[in-house]
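Everything below belongs to final.txt, which stores compact mmCIF, N, CA and C atoms.
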# COMPACT_ATOMS: atom_id res chain seq x y z
N MET B 344 16.73 -15.94 32.21
CA MET B 344 16.64 -15.85 30.74
C MET B 344 18.03 -15.67 30.12
N ILE B 345 18.84 -14.74 30.67
CA ILE B 345 20.14 -14.48 30.05
C ILE B 345 21.02 -15.72 30.10
N LYS B 346 20.86 -16.50 31.20
CA LYS B 346 21.67 -17.73 31.33
C LYS B 346 21.36 -18.70 30.20
N GLU B 347 20.08 -18.83 29.89
CA GLU B 347 19.68 -19.74 28.81
C GLU B 347 20.18 -19.23 27.45
N LEU B 348 20.05 -17.92 27.22
CA LEU B 348 20.48 -17.33 25.93
C LEU B 348 21.99 -17.50 25.75
N VAL B 349 22.74 -17.24 26.83
CA VAL B 349 24.19 -17.39 26.75
C VAL B 349 24.55 -18.85 26.46
N GLY B 350 23.85 -19.78 27.16
CA GLY B 350 24.12 -21.21 26.95
C GLY B 350 23.85 -21.64 25.53
N GLN B 351 22.73 -21.17 24.99
CA GLN B 351 22.37 -21.55 23.60
C GLN B 351 23.40 -21.00 22.60
N ARG B 352 23.87 -19.78 22.87
CA ARG B 352 24.84 -19.15 21.95
C ARG B 352 26.18 -19.90 21.98
N ILE B 353 26.58 -20.33 23.18
CA ILE B 353 27.82 -21.10 23.31
C ILE B 353 27.71 -22.39 22.50
N LYS B 354 26.59 -23.07 22.68
CA LYS B 354 26.37 -24.35 21.98
C LYS B 354 26.39 -24.12 20.46
N GLN B 355 25.71 -23.07 20.04
CA GLN B 355 25.63 -22.74 18.60
C GLN B 355 27.02 -22.55 18.02
N LEU B 356 27.86 -21.76 18.71
CA LEU B 356 29.21 -21.46 18.22
C LEU B 356 30.13 -22.68 18.31
N ARG B 357 29.93 -23.46 19.38
CA ARG B 357 30.75 -24.68 19.54
C ARG B 357 30.47 -25.64 18.39
N GLN B 358 29.18 -25.81 18.09
CA GLN B 358 28.80 -26.75 17.02
C GLN B 358 29.28 -26.23 15.66
N LYS B 359 29.32 -24.90 15.51
CA LYS B 359 29.82 -24.29 14.26
C LYS B 359 31.30 -24.69 14.05
N LEU B 360 32.01 -24.83 15.20
CA LEU B 360 33.43 -25.24 15.13
C LEU B 360 33.54 -26.77 15.06
N ASP B 361 32.35 -27.44 15.04
CA ASP B 361 32.32 -28.91 14.95
C ASP B 361 33.11 -29.55 16.10
N LEU B 362 32.93 -29.00 17.30
CA LEU B 362 33.62 -29.54 18.47
C LEU B 362 32.60 -30.17 19.42
N SER B 363 32.98 -31.32 19.98
CA SER B 363 32.13 -31.91 21.03
C SER B 363 32.32 -31.09 22.30
N GLN B 364 31.40 -31.23 23.27
CA GLN B 364 31.57 -30.55 24.56
C GLN B 364 32.90 -30.96 25.17
N GLU B 365 33.18 -32.25 25.06
CA GLU B 365 34.40 -32.78 25.70
C GLU B 365 35.64 -32.11 25.10
N LYS B 366 35.72 -32.11 23.75
CA LYS B 366 36.91 -31.54 23.09
C LYS B 366 37.01 -30.06 23.39
N PHE B 367 35.87 -29.35 23.35
CA PHE B 367 35.91 -27.90 23.59
C PHE B 367 36.31 -27.61 25.03
N ALA B 368 35.72 -28.36 25.97
CA ALA B 368 36.05 -28.15 27.40
C ALA B 368 37.55 -28.37 27.62
N LEU B 369 38.07 -29.43 27.00
CA LEU B 369 39.51 -29.74 27.12
C LEU B 369 40.34 -28.58 26.56
N SER B 370 39.88 -28.05 25.41
CA SER B 370 40.67 -27.01 24.72
C SER B 370 40.76 -25.73 25.54
N ILE B 371 39.80 -25.49 26.41
CA ILE B 371 39.83 -24.26 27.22
C ILE B 371 40.08 -24.56 28.69
N ASN B 372 40.51 -25.84 28.92
CA ASN B 372 40.88 -26.22 30.30
C ASN B 372 39.73 -25.97 31.29
N MET B 373 38.53 -26.42 30.86
CA MET B 373 37.34 -26.24 31.71
C MET B 373 36.71 -27.61 31.94
N ASP B 374 36.13 -27.79 33.10
CA ASP B 374 35.48 -29.07 33.42
C ASP B 374 34.28 -29.28 32.49
N ARG B 375 34.21 -30.47 31.90
CA ARG B 375 33.17 -30.72 30.88
C ARG B 375 31.77 -30.60 31.49
N THR B 376 31.60 -31.11 32.70
CA THR B 376 30.25 -31.07 33.29
C THR B 376 29.85 -29.62 33.61
N TYR B 377 30.85 -28.80 33.97
CA TYR B 377 30.55 -27.37 34.21
C TYR B 377 30.12 -26.72 32.89
N LEU B 378 30.88 -26.99 31.81
CA LEU B 378 30.52 -26.43 30.49
C LEU B 378 29.12 -26.89 30.09
N ALA B 379 28.83 -28.16 30.32
CA ALA B 379 27.51 -28.70 29.95
C ALA B 379 26.41 -27.95 30.70
N SER B 380 26.66 -27.65 31.95
CA SER B 380 25.62 -26.95 32.74
C SER B 380 25.49 -25.48 32.30
N VAL B 381 26.62 -24.89 31.86
CA VAL B 381 26.52 -23.52 31.32
C VAL B 381 25.70 -23.53 30.04
N GLU B 382 25.99 -24.50 29.16
CA GLU B 382 25.24 -24.58 27.89
C GLU B 382 23.76 -24.84 28.15
N ALA B 383 23.48 -25.57 29.24
CA ALA B 383 22.07 -25.89 29.55
C ALA B 383 21.36 -24.71 30.22
N GLY B 384 22.11 -23.60 30.42
CA GLY B 384 21.48 -22.41 31.01
C GLY B 384 21.30 -22.53 32.51
N LYS B 385 22.04 -23.45 33.11
CA LYS B 385 21.86 -23.72 34.54
C LYS B 385 22.87 -22.94 35.41
N ARG B 386 23.83 -22.25 34.80
CA ARG B 386 24.87 -21.61 35.58
C ARG B 386 24.86 -20.09 35.40
N ASN B 387 25.07 -19.38 36.49
CA ASN B 387 25.21 -17.93 36.43
C ASN B 387 26.70 -17.64 36.19
N VAL B 388 27.12 -17.88 34.96
CA VAL B 388 28.54 -17.89 34.63
C VAL B 388 29.19 -16.54 34.93
N SER B 389 30.43 -16.59 35.38
CA SER B 389 31.16 -15.35 35.72
C SER B 389 31.84 -14.81 34.46
N ILE B 390 32.23 -13.52 34.53
CA ILE B 390 32.83 -12.87 33.37
C ILE B 390 34.17 -13.52 33.01
N VAL B 391 34.92 -13.97 34.02
CA VAL B 391 36.23 -14.60 33.75
C VAL B 391 36.03 -15.93 33.02
N ASN B 392 35.07 -16.74 33.48
CA ASN B 392 34.80 -17.99 32.78
C ASN B 392 34.19 -17.75 31.41
N LEU B 393 33.34 -16.72 31.31
CA LEU B 393 32.73 -16.42 30.01
C LEU B 393 33.81 -15.98 29.02
N GLU B 394 34.81 -15.24 29.53
CA GLU B 394 35.90 -14.81 28.64
C GLU B 394 36.66 -16.03 28.10
N LYS B 395 36.93 -17.00 28.98
CA LYS B 395 37.62 -18.24 28.58
C LYS B 395 36.84 -18.92 27.45
N ILE B 396 35.51 -19.01 27.65
CA ILE B 396 34.65 -19.69 26.68
C ILE B 396 34.61 -18.92 25.36
N VAL B 397 34.38 -17.61 25.46
CA VAL B 397 34.25 -16.77 24.25
C VAL B 397 35.57 -16.78 23.46
N ASN B 398 36.69 -16.67 24.17
CA ASN B 398 37.99 -16.75 23.48
C ASN B 398 38.16 -18.10 22.79
N GLY B 399 37.75 -19.16 23.50
CA GLY B 399 37.88 -20.50 22.93
C GLY B 399 37.00 -20.70 21.71
N LEU B 400 35.91 -19.93 21.64
CA LEU B 400 34.99 -20.02 20.50
C LEU B 400 35.48 -19.14 19.35
N GLN B 401 36.59 -18.42 19.60
CA GLN B 401 37.24 -17.60 18.56
C GLN B 401 36.32 -16.47 18.03
N VAL B 402 35.58 -15.88 18.97
CA VAL B 402 34.78 -14.70 18.59
C VAL B 402 35.05 -13.61 19.63
N SER B 403 34.67 -12.38 19.30
CA SER B 403 34.78 -11.29 20.28
C SER B 403 33.54 -11.34 21.17
N PHE B 404 33.62 -10.68 22.34
CA PHE B 404 32.43 -10.56 23.19
C PHE B 404 31.31 -9.89 22.38
N GLU B 405 31.71 -8.86 21.60
CA GLU B 405 30.71 -8.10 20.83
C GLU B 405 29.95 -9.02 19.88
N ASN B 406 30.72 -9.86 19.17
CA ASN B 406 30.11 -10.81 18.23
C ASN B 406 29.26 -11.82 18.99
N PHE B 407 29.80 -12.29 20.11
CA PHE B 407 29.09 -13.28 20.91
C PHE B 407 27.70 -12.77 21.29
N PHE B 408 27.66 -11.49 21.73
CA PHE B 408 26.37 -10.97 22.21
C PHE B 408 25.52 -10.41 21.07
N ARG B 409 26.16 -10.15 19.92
CA ARG B 409 25.38 -9.59 18.81
C ARG B 409 24.19 -10.49 18.46
N ALA B 410 24.49 -11.79 18.41
CA ALA B 410 23.48 -12.74 17.92
C ALA B 410 22.51 -13.15 19.02
N ILE B 411 22.79 -12.73 20.26
CA ILE B 411 21.98 -13.27 21.35
C ILE B 411 20.53 -12.84 21.23
N LYS B 412 20.26 -11.57 20.89
CA LYS B 412 18.85 -11.17 20.87
C LYS B 412 18.12 -11.81 19.70
N ARG B 413 18.89 -12.29 18.68
CA ARG B 413 18.18 -12.88 17.53
C ARG B 413 18.08 -14.39 17.66
N LEU B 414 18.52 -14.97 18.85
CA LEU B 414 18.47 -16.44 19.00
C LEU B 414 17.03 -16.93 18.92
N MET S 592 42.21 -9.10 33.89
CA MET S 592 42.15 -8.00 32.90
C MET S 592 40.68 -7.71 32.52
N ILE S 593 39.91 -8.75 32.21
CA ILE S 593 38.53 -8.50 31.77
C ILE S 593 37.73 -7.81 32.87
N LYS S 594 38.03 -8.16 34.12
CA LYS S 594 37.31 -7.55 35.25
C LYS S 594 37.55 -6.04 35.28
N GLU S 595 38.79 -5.66 35.05
CA GLU S 595 39.12 -4.23 35.05
C GLU S 595 38.45 -3.52 33.87
N LEU S 596 38.49 -4.14 32.69
CA LEU S 596 37.90 -3.53 31.49
C LEU S 596 36.39 -3.36 31.65
N VAL S 597 35.74 -4.39 32.19
CA VAL S 597 34.29 -4.31 32.41
C VAL S 597 34.00 -3.19 33.42
N GLY S 598 34.79 -3.12 34.47
CA GLY S 598 34.59 -2.08 35.49
C GLY S 598 34.73 -0.68 34.92
N GLN S 599 35.77 -0.48 34.11
CA GLN S 599 36.00 0.84 33.51
C GLN S 599 34.86 1.22 32.56
N ARG S 600 34.36 0.23 31.82
CA ARG S 600 33.27 0.51 30.86
C ARG S 600 31.98 0.88 31.61
N ILE S 601 31.72 0.19 32.73
CA ILE S 601 30.53 0.51 33.54
C ILE S 601 30.63 1.95 34.04
N LYS S 602 31.81 2.30 34.56
CA LYS S 602 32.01 3.66 35.10
C LYS S 602 31.82 4.69 33.98
N GLN S 603 32.39 4.41 32.82
CA GLN S 603 32.31 5.33 31.67
C GLN S 603 30.84 5.59 31.30
N LEU S 604 30.07 4.52 31.21
CA LEU S 604 28.67 4.64 30.79
C LEU S 604 27.83 5.29 31.90
N ARG S 605 28.15 4.96 33.15
CA ARG S 605 27.40 5.55 34.28
C ARG S 605 27.63 7.07 34.30
N GLN S 606 28.89 7.47 34.10
CA GLN S 606 29.21 8.90 34.14
C GLN S 606 28.57 9.62 32.95
N LYS S 607 28.45 8.90 31.83
CA LYS S 607 27.79 9.47 30.64
C LYS S 607 26.32 9.81 30.95
N LEU S 608 25.74 8.98 31.84
CA LEU S 608 24.35 9.21 32.26
C LEU S 608 24.30 10.21 33.42
N ASP S 609 25.52 10.70 33.82
CA ASP S 609 25.60 11.68 34.90
C ASP S 609 24.97 11.17 36.20
N LEU S 610 25.23 9.90 36.49
CA LEU S 610 24.70 9.28 37.71
C LEU S 610 25.84 8.98 38.68
N SER S 611 25.59 9.26 39.97
CA SER S 611 26.57 8.85 40.99
C SER S 611 26.46 7.33 41.14
N GLN S 612 27.49 6.73 41.77
CA GLN S 612 27.42 5.28 42.03
C GLN S 612 26.17 5.00 42.87
N GLU S 613 25.95 5.87 43.85
CA GLU S 613 24.83 5.65 44.77
C GLU S 613 23.49 5.66 44.02
N LYS S 614 23.31 6.66 43.17
CA LYS S 614 22.02 6.78 42.44
C LYS S 614 21.85 5.61 41.49
N PHE S 615 22.96 5.27 40.79
CA PHE S 615 22.87 4.17 39.82
C PHE S 615 22.59 2.85 40.54
N ALA S 616 23.32 2.59 41.63
CA ALA S 616 23.12 1.34 42.38
C ALA S 616 21.67 1.25 42.85
N LEU S 617 21.14 2.36 43.34
CA LEU S 617 19.75 2.40 43.79
C LEU S 617 18.80 2.08 42.64
N SER S 618 19.12 2.66 41.46
CA SER S 618 18.21 2.50 40.31
C SER S 618 18.14 1.06 39.82
N ILE S 619 19.17 0.28 40.09
CA ILE S 619 19.15 -1.13 39.63
C ILE S 619 19.07 -2.09 40.80
N ASN S 620 18.75 -1.51 41.99
CA ASN S 620 18.53 -2.36 43.16
C ASN S 620 19.75 -3.23 43.46
N MET S 621 20.91 -2.55 43.43
CA MET S 621 22.17 -3.28 43.69
C MET S 621 22.89 -2.56 44.84
N ASP S 622 23.60 -3.32 45.65
CA ASP S 622 24.34 -2.75 46.77
C ASP S 622 25.44 -1.85 46.24
N ARG S 623 25.51 -0.61 46.80
CA ARG S 623 26.47 0.37 46.26
C ARG S 623 27.91 -0.11 46.41
N THR S 624 28.23 -0.72 47.53
CA THR S 624 29.63 -1.14 47.73
C THR S 624 29.98 -2.27 46.76
N TYR S 625 29.00 -3.11 46.44
CA TYR S 625 29.25 -4.17 45.45
C TYR S 625 29.51 -3.53 44.09
N LEU S 626 28.65 -2.56 43.70
CA LEU S 626 28.84 -1.88 42.41
C LEU S 626 30.21 -1.20 42.37
N ALA S 627 30.60 -0.56 43.48
CA ALA S 627 31.90 0.12 43.55
C ALA S 627 33.03 -0.88 43.31
N SER S 628 32.90 -2.07 43.88
CA SER S 628 33.98 -3.06 43.72
C SER S 628 33.99 -3.64 42.29
N VAL S 629 32.80 -3.71 41.67
CA VAL S 629 32.76 -4.16 40.26
C VAL S 629 33.46 -3.11 39.39
N GLU S 630 33.12 -1.83 39.62
CA GLU S 630 33.73 -0.75 38.83
C GLU S 630 35.25 -0.71 39.03
N ALA S 631 35.69 -1.11 40.25
CA ALA S 631 37.13 -1.09 40.55
C ALA S 631 37.84 -2.32 39.98
N GLY S 632 37.07 -3.18 39.31
CA GLY S 632 37.69 -4.36 38.70
C GLY S 632 38.03 -5.44 39.69
N LYS S 633 37.40 -5.36 40.87
CA LYS S 633 37.73 -6.30 41.94
C LYS S 633 36.78 -7.52 41.97
N ARG S 634 35.72 -7.51 41.15
CA ARG S 634 34.73 -8.59 41.23
C ARG S 634 34.64 -9.39 39.94
N ASN S 635 34.53 -10.70 40.09
CA ASN S 635 34.31 -11.56 38.94
C ASN S 635 32.79 -11.62 38.73
N VAL S 636 32.25 -10.54 38.16
CA VAL S 636 30.80 -10.35 38.11
C VAL S 636 30.12 -11.45 37.31
N SER S 637 28.95 -11.83 37.76
CA SER S 637 28.20 -12.90 37.07
C SER S 637 27.37 -12.30 35.94
N ILE S 638 26.93 -13.17 35.03
CA ILE S 638 26.17 -12.71 33.86
C ILE S 638 24.84 -12.09 34.29
N VAL S 639 24.23 -12.62 35.32
CA VAL S 639 22.93 -12.08 35.78
C VAL S 639 23.11 -10.68 36.36
N ASN S 640 24.15 -10.48 37.15
CA ASN S 640 24.41 -9.14 37.69
C ASN S 640 24.86 -8.19 36.58
N LEU S 641 25.65 -8.72 35.64
CA LEU S 641 26.10 -7.86 34.53
C LEU S 641 24.91 -7.42 33.70
N GLU S 642 23.93 -8.32 33.52
CA GLU S 642 22.73 -7.95 32.75
C GLU S 642 21.98 -6.82 33.45
N LYS S 643 21.85 -6.91 34.77
CA LYS S 643 21.19 -5.85 35.56
C LYS S 643 21.89 -4.51 35.32
N ILE S 644 23.23 -4.54 35.37
CA ILE S 644 24.03 -3.32 35.21
C ILE S 644 23.89 -2.77 33.79
N VAL S 645 24.06 -3.66 32.81
CA VAL S 645 24.02 -3.22 31.39
C VAL S 645 22.64 -2.68 31.05
N ASN S 646 21.60 -3.34 31.51
CA ASN S 646 20.23 -2.82 31.28
C ASN S 646 20.06 -1.45 31.93
N GLY S 647 20.59 -1.32 33.15
CA GLY S 647 20.48 -0.04 33.86
C GLY S 647 21.23 1.08 33.17
N LEU S 648 22.27 0.71 32.42
CA LEU S 648 23.06 1.70 31.68
C LEU S 648 22.42 2.02 30.33
N GLN S 649 21.30 1.32 30.04
CA GLN S 649 20.51 1.57 28.81
C GLN S 649 21.33 1.33 27.53
N VAL S 650 22.15 0.26 27.57
CA VAL S 650 22.84 -0.15 26.34
C VAL S 650 22.61 -1.65 26.17
N SER S 651 22.89 -2.13 24.96
CA SER S 651 22.83 -3.58 24.74
C SER S 651 24.16 -4.20 25.19
N PHE S 652 24.15 -5.52 25.40
CA PHE S 652 25.42 -6.19 25.72
C PHE S 652 26.42 -5.95 24.59
N GLU S 653 25.90 -5.99 23.34
CA GLU S 653 26.77 -5.81 22.17
C GLU S 653 27.46 -4.46 22.23
N ASN S 654 26.69 -3.43 22.51
CA ASN S 654 27.23 -2.07 22.61
C ASN S 654 28.20 -1.98 23.78
N PHE S 655 27.80 -2.59 24.90
CA PHE S 655 28.64 -2.56 26.10
C PHE S 655 30.03 -3.10 25.79
N PHE S 656 30.07 -4.26 25.09
CA PHE S 656 31.37 -4.89 24.83
C PHE S 656 32.07 -4.32 23.59
N ARG S 657 31.31 -3.60 22.74
CA ARG S 657 31.94 -3.06 21.53
C ARG S 657 33.11 -2.16 21.91
N ALA S 658 32.88 -1.31 22.92
CA ALA S 658 33.91 -0.30 23.24
C ALA S 658 34.99 -0.87 24.15
N ILE S 659 34.82 -2.10 24.62
CA ILE S 659 35.77 -2.58 25.64
C ILE S 659 37.17 -2.68 25.09
N LYS S 660 37.34 -3.21 23.85
CA LYS S 660 38.73 -3.37 23.38
C LYS S 660 39.35 -2.02 23.10
N ARG S 661 38.50 -0.97 22.91
CA ARG S 661 39.11 0.32 22.58
C ARG S 661 39.26 1.19 23.83
N LEU S 662 39.01 0.64 25.04
CA LEU S 662 39.13 1.44 26.29
C LEU S 662 40.57 1.88 26.48

Let me see the structure of the file written as structure tokens.
Amino acid sequence: MIKELVGQRIKQLRQKLDLSQEKFALSINMDRTYLASVEAGKRNVSIVNLEKIVNGLQVSFENFFRAIKRL
Amino acid sequence: MIKELVGQRIKQLRQKLDLSQEKFALSINMDRTYLASVEAGKRNVSIVNLEKIVNGLQVSFENFFRAIKRL
């Protein structure tokens, strides 16, 4: 469940920045297919990779998780 | 850096609950030595394991990460 919620939140914030998966993955030096699988809720993402993503989305971890329960 | 901050926050919250590593690890069905290495900042903990820990500490992810920048 948490994997899906995290993936949906990443997608929501990425789209808010009007970035494609490709452009966003490039901007944080992450493999696009890996990012796609994280967004699809298929990956048990690690804290280091999640930090890369959250920083790239220009939000704090606190903000990132604030909206998760209301998704 | 994030690994160390997450580890320190887990230890802080665990001690607030007055639980030993052993008792806490048992309560969340996690290997004590693994929990010890997470607290020591040595593990790139996954979101699924972090959820187990955060739930066991009886805080939300938002609350968990709120205090991280002020550690």

Contact set, chain S to chain B: 6.5 Å, all atoms listed in the file, as a PyMOL selection string: chain S and resi 635-639+652-654+656-657

All alpha helix (DSSP H) positions in chain B, as a VMD selection string: chain B and resid 345 to 359 364 to 370 375 to 382 390 to 399 404 to 409

So how many Å separate atom CA of Asn398 of chain B and atom C of Ala368 of chain B, to one decimal?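 Taking atom CA of Asn398 of chain B and atom C of Ala368 of chain B, their separation equals 12.3 Å.
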
Pick out the closest residue to Arg352 of chain B from this set: B:Glu382, B:Lys395, B:Val402, B:Arg375. Count all atoms listed in the file.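 Under the stated criterion, the closest residue is B:Glu382.
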
Report, as lines of an AutoDock Vina configuration file, the centre and edge lengths in Å (one decimal) of the axis-aligned box enclosing every listed atom of segment 348-361 of chain B, padded by 8 Å on each side.
center_x = 26.8
center_y = -23.4
center_z = 20.6
size_x = 29.5
size_y = 28.3
size_z = 29.2

Can you pull out the residues contacting segment 354-363 of chain B? Cut-off 8 Å, using only N, CA and C atoms, and skip same-chain residues under 6 positions away; I want them as a count of residues only. 8

Expressed in Å to a single decimal, how great is the separation between atom N of Gln364 of chain B and atom N of Glu347 of chain B?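 Interatomic distance here is 18.0 Å.
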
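Pairwise distance (atom CA of Met373 of chain B, atom CA of Gly632 of chain S) equals 23.0 Å.
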